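Structure below is data01.txt: compact mmCIF, C-alpha atoms and all ligand atoms.
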# COMPACT_ATOMS: atom_id res chain seq x y z
CA MET A 694 -12.32 6.27 -13.40
CA TYR A 695 -10.94 6.29 -9.86
CA SER A 696 -7.49 4.86 -9.17
CA VAL A 697 -7.08 1.82 -6.93
CA GLU A 698 -5.61 4.11 -4.25
CA GLN A 699 -8.64 6.40 -4.41
CA LEU A 700 -11.02 3.45 -4.19
CA LYS A 701 -9.16 2.13 -1.14
CA TYR A 702 -9.45 5.52 0.52
CA ILE A 703 -13.18 5.74 -0.23
CA SER A 704 -13.72 2.21 1.15
CA THR A 705 -11.96 2.99 4.41
CA ASP A 706 -13.96 6.15 4.79
CA ILE A 707 -17.16 4.16 4.22
CA ARG A 708 -16.08 1.53 6.75
CA LYS A 709 -15.76 4.33 9.32
CA LYS A 710 -19.26 5.55 8.47
CA ILE A 711 -20.66 2.01 8.84
CA ILE A 712 -19.16 1.76 12.33
CA GLU A 713 -20.47 5.22 13.23
CA ILE A 714 -24.05 4.57 12.16
CA ALA A 715 -24.16 1.08 13.68
CA HIS A 716 -22.89 2.58 16.93
CA SER A 717 -25.36 5.42 16.95
CA ALA A 718 -28.28 3.12 16.03
CA LYS A 719 -27.21 0.72 18.80
CA GLY A 720 -26.82 -2.23 16.46
CA GLY A 721 -26.32 -3.30 12.90
CA HIS A 722 -25.32 -6.01 10.45
CA ILE A 723 -21.70 -4.99 10.64
CA GLY A 724 -19.79 -8.12 9.53
CA GLY A 725 -21.50 -8.54 6.16
CA SER A 726 -21.48 -4.79 5.49
CA LEU A 727 -17.72 -4.69 5.98
CA SER A 728 -17.16 -7.75 3.77
CA SER A 729 -19.10 -6.28 0.84
CA VAL A 730 -17.94 -2.63 0.91
CA ASP A 731 -15.14 -3.04 -1.62
CA ILE A 732 -17.49 -4.77 -4.08
CA LEU A 733 -20.04 -1.93 -3.74
CA VAL A 734 -17.39 0.76 -4.05
CA ALA A 735 -15.99 -0.82 -7.23
CA LEU A 736 -19.51 -1.01 -8.68
CA TYR A 737 -20.75 2.47 -7.76
CA PHE A 738 -17.51 4.36 -8.35
CA ASN A 739 -15.93 2.65 -11.36
CA ILE A 740 -18.22 0.19 -13.04
CA MET A 741 -21.91 1.04 -13.17
CA LYS A 742 -23.54 3.49 -15.54
CA HIS A 743 -25.72 5.45 -13.15
CA ASP A 744 -26.66 9.02 -12.30
CA PRO A 745 -27.26 9.92 -8.64
CA SER A 746 -28.97 13.16 -9.75
CA ASP A 747 -31.48 11.11 -11.79
CA PRO A 748 -31.91 7.75 -10.02
CA SER A 749 -34.66 6.54 -12.34
CA ARG A 750 -32.86 7.22 -15.63
CA LEU A 751 -34.01 4.51 -18.02
CA ASP A 752 -30.62 3.52 -19.39
CA ARG A 753 -28.99 3.04 -15.96
CA ASP A 754 -27.37 -0.19 -14.86
CA ARG A 755 -29.32 -1.82 -12.03
CA PHE A 756 -27.97 -3.06 -8.71
CA ILE A 757 -29.94 -5.36 -6.41
CA MET A 758 -28.65 -5.85 -2.88
CA SER A 759 -30.05 -9.32 -2.37
CA LYS A 760 -28.28 -9.62 1.01
CA GLY A 761 -30.41 -6.73 2.23
CA HIS A 762 -29.34 -7.10 5.85
CA SER A 763 -25.96 -5.55 4.93
CA VAL A 764 -27.79 -2.27 4.62
CA GLU A 765 -25.36 -0.03 6.47
CA GLY A 766 -22.80 -0.63 3.70
CA LEU A 767 -25.37 0.10 0.99
CA TYR A 768 -26.63 3.33 2.61
CA CYS A 769 -23.10 4.64 3.16
CA VAL A 770 -22.06 3.89 -0.43
CA LEU A 771 -25.23 5.49 -1.85
CA ALA A 772 -24.58 8.61 0.24
CA LYS A 773 -20.93 8.80 -0.81
CA ALA A 774 -21.96 8.34 -4.46
CA GLY A 775 -24.28 11.36 -4.13
CA TYR A 776 -27.81 9.91 -3.92
CA PHE A 777 -28.50 11.88 -0.71
CA PRO A 778 -26.44 14.01 1.71
CA GLU A 779 -24.10 12.03 3.95
CA ALA A 780 -25.42 13.99 6.95
CA MET A 781 -28.71 12.10 6.57
CA LEU A 782 -26.98 8.86 7.56
CA SER A 783 -27.16 9.96 11.19
CA GLU A 784 -30.90 9.19 10.97
CA TYR A 785 -30.18 5.49 10.45
CA GLY A 786 -32.19 3.32 12.83
CA LYS A 787 -33.91 6.33 14.47
CA PHE A 788 -37.66 6.83 14.94
CA ASN A 789 -39.53 8.06 11.84
CA THR A 790 -36.55 7.63 9.54
CA ILE A 791 -36.47 6.39 5.94
CA PHE A 792 -33.29 4.49 6.82
CA TYR A 793 -34.68 1.24 8.17
CA GLY A 794 -32.59 -1.80 9.05
CA HIS A 795 -33.30 -3.25 5.61
CA PRO A 796 -33.42 -1.25 2.35
CA THR A 797 -36.71 0.14 1.03
CA LEU A 798 -37.69 2.22 -1.99
CA LYS A 799 -37.94 5.29 0.26
CA VAL A 800 -34.17 5.63 0.03
CA PRO A 801 -32.94 7.25 -3.21
CA GLY A 802 -30.84 4.81 -5.24
CA VAL A 803 -32.37 1.62 -3.80
CA GLU A 804 -33.76 -0.41 -6.71
CA MET A 805 -35.63 -3.04 -4.73
CA PRO A 806 -36.59 -3.62 -1.11
CA THR A 807 -34.72 -6.69 0.15
CA GLY A 808 -33.99 -8.51 3.37
CA SER A 809 -35.86 -11.74 3.00
CA LEU A 810 -33.00 -13.74 1.53
CA GLY A 811 -33.20 -15.61 -1.77
CA HIS A 812 -35.21 -13.15 -3.87
CA GLY A 813 -32.63 -10.86 -5.44
CA LEU A 814 -31.47 -13.20 -8.16
CA SER A 815 -35.03 -13.83 -9.38
CA ILE A 816 -35.66 -10.08 -9.51
CA ALA A 817 -32.40 -9.52 -11.39
CA VAL A 818 -33.30 -12.27 -13.86
CA GLY A 819 -36.59 -10.48 -14.57
CA MET A 820 -34.80 -7.17 -15.08
CA ALA A 821 -32.18 -8.76 -17.34
CA LEU A 822 -34.87 -10.48 -19.41
CA GLY A 823 -36.76 -7.18 -19.71
CA ALA A 824 -33.59 -5.39 -20.83
CA LYS A 825 -32.95 -8.05 -23.47
CA ARG A 826 -36.48 -7.77 -24.80
CA ASP A 827 -36.12 -3.98 -24.96
CA LYS A 828 -32.77 -4.41 -26.73
CA ALA A 829 -31.26 -2.23 -24.01
CA THR A 830 -27.52 -2.30 -23.37
CA ASN A 831 -27.53 -1.78 -19.61
CA ARG A 832 -26.30 -4.47 -17.21
CA ILE A 833 -27.99 -5.92 -14.14
CA PHE A 834 -25.84 -6.55 -11.08
CA VAL A 835 -26.92 -8.50 -8.00
CA LEU A 836 -25.01 -9.15 -4.79
CA MET A 837 -25.84 -12.27 -2.77
CA GLY A 838 -24.41 -13.82 0.37
CA ASP A 839 -22.84 -17.26 0.53
CA GLY A 840 -25.20 -18.32 3.33
CA GLU A 841 -28.02 -17.04 1.14
CA GLN A 842 -27.20 -19.76 -1.39
CA ALA A 843 -29.11 -22.19 0.84
CA GLU A 844 -32.36 -20.64 -0.47
CA GLY A 845 -33.96 -22.92 -3.08
CA SER A 846 -35.40 -19.99 -5.05
CA ILE A 847 -31.86 -19.03 -6.08
CA TRP A 848 -31.49 -22.24 -8.05
CA GLU A 849 -34.72 -21.71 -9.98
CA ALA A 850 -33.46 -18.26 -10.92
CA ALA A 851 -30.03 -19.65 -11.85
CA MET A 852 -31.69 -22.13 -14.18
CA ALA A 853 -33.83 -19.43 -15.80
CA ALA A 854 -30.84 -17.10 -16.28
CA SER A 855 -29.02 -19.61 -18.45
CA HIS A 856 -32.19 -20.77 -20.21
CA TYR A 857 -32.83 -17.19 -21.34
CA LYS A 858 -29.14 -16.61 -22.16
CA LEU A 859 -28.91 -13.57 -19.87
CA ASP A 860 -25.33 -12.50 -20.49
CA ASN A 861 -26.30 -8.97 -19.34
CA LEU A 862 -26.69 -10.37 -15.80
CA VAL A 863 -23.75 -10.20 -13.38
CA ALA A 864 -24.23 -11.98 -10.07
CA ILE A 865 -21.67 -11.60 -7.31
CA ILE A 866 -21.42 -13.78 -4.22
CA ASP A 867 -19.87 -12.23 -1.11
CA ASN A 868 -18.09 -15.45 -0.20
CA ASN A 869 -17.07 -14.71 3.39
CA ASN A 870 -17.54 -18.32 4.61
CA LEU A 871 -19.84 -17.29 7.45
CA GLN A 872 -23.53 -16.79 7.85
CA ILE A 873 -25.71 -15.76 10.77
CA SER A 874 -25.04 -18.64 13.15
CA GLY A 875 -21.65 -19.90 12.16
CA HIS A 876 -19.45 -21.32 9.44
CA ILE A 877 -21.09 -22.11 6.10
CA ASP A 878 -19.79 -25.68 6.21
CA SER A 879 -21.46 -26.34 9.52
CA VAL A 880 -24.80 -24.62 8.75
CA MET A 881 -25.35 -25.69 5.11
CA ARG A 882 -22.40 -26.97 3.10
CA LEU A 883 -22.11 -25.33 -0.34
CA SER A 884 -19.16 -26.95 -2.00
CA SER A 885 -18.64 -26.62 -4.78
CA LEU A 886 -20.46 -23.39 -5.57
CA ARG A 887 -18.44 -23.00 -8.74
CA GLN A 888 -19.35 -26.44 -10.01
CA LYS A 889 -23.01 -25.95 -9.11
CA TYR A 890 -23.32 -22.68 -11.08
CA GLU A 891 -21.31 -24.09 -13.97
CA ALA A 892 -23.67 -27.05 -14.09
CA PHE A 893 -26.54 -24.54 -14.26
CA GLY A 894 -24.94 -22.98 -17.36
CA TRP A 895 -23.12 -19.99 -15.88
CA ASN A 896 -19.69 -18.63 -16.54
CA VAL A 897 -17.85 -18.35 -13.22
CA VAL A 898 -14.73 -16.48 -12.12
CA GLU A 899 -13.26 -16.42 -8.61
CA ILE A 900 -11.47 -13.35 -7.32
CA ASP A 901 -10.27 -11.67 -4.14
CA GLY A 902 -13.27 -9.48 -3.28
CA HIS A 903 -11.06 -6.91 -1.54
CA ASP A 904 -8.67 -6.43 -4.48
CA PHE A 905 -9.76 -3.48 -6.64
CA HIS A 906 -7.61 -4.58 -9.60
CA GLN A 907 -9.35 -7.96 -9.70
CA LEU A 908 -12.79 -6.48 -9.03
CA THR A 909 -12.44 -3.89 -11.78
CA GLU A 910 -11.14 -6.36 -14.32
CA ALA A 911 -13.80 -8.99 -13.65
CA LEU A 912 -16.69 -6.50 -13.52
CA ASN A 913 -15.53 -4.54 -16.57
CA THR A 914 -15.26 -7.40 -18.96
CA THR A 915 -18.69 -9.06 -18.95
CA PRO A 916 -20.13 -10.82 -20.80
CA TRP A 917 -17.25 -13.23 -20.59
CA LYS A 918 -19.03 -15.48 -23.07
CA ALA A 919 -21.94 -14.39 -25.25
CA GLY A 920 -25.21 -15.98 -24.17
CA MET A 921 -24.07 -17.03 -20.69
CA PRO A 922 -24.86 -15.35 -17.35
CA ASN A 923 -21.83 -14.22 -15.33
CA LEU A 924 -21.01 -15.12 -11.72
CA ILE A 925 -18.21 -13.64 -9.66
CA ILE A 926 -17.38 -15.62 -6.54
CA ALA A 927 -15.70 -12.88 -4.51
CA HIS A 928 -13.63 -14.32 -1.67
CA THR A 929 -13.99 -11.90 1.21
CA ILE A 930 -13.49 -11.62 4.96
CA LYS A 931 -16.51 -10.99 7.14
CA GLY A 932 -15.80 -7.91 9.28
CA ARG A 933 -12.95 -6.88 6.94
CA GLY A 934 -10.95 -3.86 8.15
CA VAL A 935 -11.50 -4.16 11.90
CA SER A 936 -9.23 -6.86 13.33
CA PHE A 937 -11.44 -8.03 16.17
CA MET A 938 -14.50 -8.30 13.90
CA GLU A 939 -12.79 -10.29 11.15
CA ASN A 940 -13.89 -13.91 10.59
CA SER A 941 -16.22 -13.89 13.56
CA ALA A 942 -19.89 -14.92 13.26
CA SER A 943 -20.62 -12.98 16.46
CA TRP A 944 -20.18 -9.71 14.50
CA HIS A 945 -22.92 -10.68 12.01
CA HIS A 946 -25.23 -8.39 13.97
CA LYS A 947 -24.15 -6.75 17.17
CA VAL A 948 -24.29 -3.70 19.41
CA LEU A 949 -20.95 -1.91 19.72
CA THR A 950 -19.78 -1.03 23.21
CA GLU A 951 -18.01 2.31 23.64
CA GLU A 952 -14.74 0.42 23.79
CA ASP A 953 -15.50 -1.53 20.57
CA PHE A 954 -16.37 1.74 18.87
CA GLU A 955 -13.15 3.49 19.92
CA ARG A 956 -10.98 0.53 18.95
CA ALA A 957 -12.65 0.09 15.56
CA MET A 958 -12.37 3.81 14.73
CA ASP A 959 -8.70 3.89 15.82
CA GLU A 960 -7.90 1.02 13.50
CA LEU A 961 -9.77 2.52 10.58
CA ASN A 962 -8.26 5.98 11.11
CA HIS A 963 -4.87 4.33 11.04
CA SER A 964 -5.72 2.49 7.77
CA GLU A 965 -7.00 5.76 6.29
CA LYS A 966 -3.69 7.52 7.03
CA GLU A 967 -1.83 4.63 5.40
CA ALA A 968 -4.06 4.86 2.31
CA ILE A 969 -3.16 8.53 1.67
C1 LIG B 1001 -35.54 -15.91 4.09
C2 LIG B 1001 -34.66 -15.50 5.23
N1 LIG B 1001 -34.28 -16.41 6.16
C3 LIG B 1001 -33.50 -16.04 7.19
C4 LIG B 1001 -33.07 -14.75 7.32
C5 LIG B 1001 -32.25 -14.33 8.53
N2 LIG B 1001 -30.87 -14.05 8.13
C6 LIG B 1001 -30.44 -12.77 8.03
S1 LIG B 1001 -28.85 -12.67 7.54
C7 LIG B 1001 -28.70 -14.36 7.51
C8 LIG B 1001 -27.41 -15.01 7.14
C9 LIG B 1001 -26.96 -14.65 5.79
O1 LIG B 1001 -25.67 -15.13 5.55
P1 LIG B 1001 -24.90 -14.66 4.29
O2 LIG B 1001 -25.79 -14.76 3.11
O3 LIG B 1001 -23.65 -15.46 4.22
O4 LIG B 1001 -24.65 -13.13 4.59
P2 LIG B 1001 -23.34 -12.38 5.12
O5 LIG B 1001 -22.37 -13.41 5.63
O6 LIG B 1001 -22.77 -11.68 3.93
O7 LIG B 1001 -23.81 -11.45 6.18
C10 LIG B 1001 -29.90 -14.97 7.87
C11 LIG B 1001 -30.09 -16.43 7.91
C12 LIG B 1001 -33.49 -13.82 6.33
N3 LIG B 1001 -33.10 -12.53 6.37
N4 LIG B 1001 -34.25 -14.22 5.29
MG MG B 1002 -21.70 -15.03 4.41

Can you present the structure in this file as structure tokens?
Ligand SMILES: Cc1ncc(C[n+]2csc(CCOP(=O)(O)OP(=O)(O)O)c2C)c(N)n1
Ligand SMILES: [Mg+2]
Amino acid sequence: MYSVEQLKYISTDIRKKIIEIAHSAKGGHIGGSLSSVDILVALYFNIMKHDPSDPSRLDRDRFIMSKGHSVEGLYCVLAKAGYFPEAMLSEYGKFNTIFYGHPTLKVPGVEMPTGSLGHGLSIAVGMALGAKRDKATNRIFVLMGDGEQAEGSIWEAAMAASHYKLDNLVAIIDNNNLQISGHIDSVMRLSSLRQKYEAFGWNVVEIDGHDFHQLTEALNTTPWKAGMPNLIIAHTIKGRGVSFMENSASWHHKVLTEEDFERAMDELNHSEKEAI
């Protein structure tokens, strides 16, 4: 188990890597990568049963990155966790690379290619149902975006998860209040997400998605109720960690200028020193 201080340090280091690879690839889904880093770090470093030296181990927990566009965060966390050397991240977005702008099975540790929103929960439901039928004890985690909740397929999967009593399924929503073109409320209002999932038969908790105490507690203690699927609504900040990217839809996907890059790295280096 890593301490909260260690997790914070790892997250800041990963935020720096995200900025570096998005800069070198001349673009990236930066905002949603930065909002979900702490969730991924909690999962890969303290919560999931997994083995980077044997990515296809049968008894591993599964993680589906349904918001596949936030791929820079996923690649950097997988590298840090040991699935491949961190030096390989410099290939991100280059010609002939395995590190495309959305995750594929070519990258060690990626369970499912994603990017077309709205599919991850259905896939996770299938995996959770399979695990139940095999009487396996592993858990299935899936991370979705809040904008992604506008996809109708999610609600079919949500219905099936409670019908099949999939308490081994843990869905997390990166609730950063923004999607590609603006504020969730102006693009497709969601309120109340909690009530919607509860009406579909889920157990729901809401936490601060940047607080490692809350993340660890919520993720460690599922199933919260036997026979019910688990949803964590993680309140996050899009662009978290770089002041001028925070809460701004324009940083959903963007090319960093040299000045943006220097400023972002200065801020993150400063946060890293504070975290020591
Ligand atoms: C089916 C589908 N429609 C549209 C898109 C284009 N798209 C990419 S990201 C995005 C917004 C997603 O918003 P959200 O789920 O809130 O992600 P985050 O804020 O975490 O980046 C959209 C519409 C897509 N990838 N897939
Ligand atoms: Mg969002």

With 8 Å on each side, where is the centre of the axis-aligned box around all listed atoms of segment 919-934 of chain A, and how long are its edges in Å to one decimal, as JSON?
{"center_x": -18.1, "center_y": -10.4, "center_z": -8.0, "size_x": 30.3, "size_y": 29.2, "size_z": 50.5}

Residues within 9 Å of ligand MG 1002 (chain B), counting all atoms listed in the file: report them as JSON, numbers by chain. {"A": [724, 725, 728, 837, 838, 839, 840, 841, 866, 867, 868, 869, 870, 871, 872, 873, 876, 877, 929, 930, 931, 945]}

Based on the selection just made, write C-alpha atoms of those residues as a tab-separated table (two decimals), in the frame of the given file.
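Generated file (selection-v5.tsv):
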chain	number	residue	atom	x	y	z
A	724	GLY	CA	-19.79	-8.12	9.53
A	725	GLY	CA	-21.50	-8.54	6.16
A	728	SER	CA	-17.16	-7.75	3.77
A	837	MET	CA	-25.84	-12.27	-2.77
A	838	GLY	CA	-24.41	-13.82	0.37
A	839	ASP	CA	-22.84	-17.26	0.53
A	840	GLY	CA	-25.20	-18.32	3.33
A	841	GLU	CA	-28.02	-17.04	1.14
A	866	ILE	CA	-21.42	-13.78	-4.22
A	867	ASP	CA	-19.87	-12.23	-1.11
A	868	ASN	CA	-18.09	-15.45	-0.20
A	869	ASN	CA	-17.07	-14.71	3.39
A	870	ASN	CA	-17.54	-18.32	4.61
A	871	LEU	CA	-19.84	-17.29	7.45
A	872	GLN	CA	-23.53	-16.79	7.85
A	873	ILE	CA	-25.71	-15.76	10.77
A	876	HIS	CA	-19.45	-21.32	9.44
A	877	ILE	CA	-21.09	-22.11	6.10
A	929	THR	CA	-13.99	-11.90	1.21
A	930	ILE	CA	-13.49	-11.62	4.96
A	931	LYS	CA	-16.51	-10.99	7.14
A	945	HIS	CA	-22.92	-10.68	12.01

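A distance cut-off of 10 Å around (-35.9, -16.5, -22.9), counting all atoms listed in the file, selects these protein and nucleic acid residues: Leu822, Gly823, Lys825, Arg826, Ala853, Ala854, Ser855, His856, Tyr857, Lys858 and Leu859 of chain A.
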
For segment 807-818 of chain A, please output as a ChimeraX atom specification all residues within 7 Å (counting only C-alpha atoms; exclusion window: fewer than 4 positions along the same chain). /A:757-762,795-796,822,833,835,841,844,846-847,850,854

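Atom CA of Lys947 of chain A to atom CA of Met805 of chain A spans 25.0 Å [interatomic distance, one decimal].
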
Excluding segment 745-755 of chain A and residues on its chain fewer than 5 positions from it, collect all residues at most 12 Å away from it, counting all atoms listed in the file, and give them as an NGL selection string. :A and (736-738 or 740 or 770-778 or 798 or 800-805 or 813 or 816-821 or 823-824 or 827-836 or 861-864)

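For the choices A:Phe937, A:Ile723, A:Ile926, A:Glu965, the atom-to-atom distance to Asp901 of chain A is smallest for A:Ile926 when using only C-alpha atoms.
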
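With all atoms listed in the file as the basis for measurement, A:Glu939 is the residue among A:Asp744, A:Glu698, A:Glu939, A:Glu899 that approaches ligand LIG 1001 (chain B) most closely.
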
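Atom to atom, atom CA of Thr914 of chain A and atom CA of Leu886 of chain A stand 21.5 Å apart.
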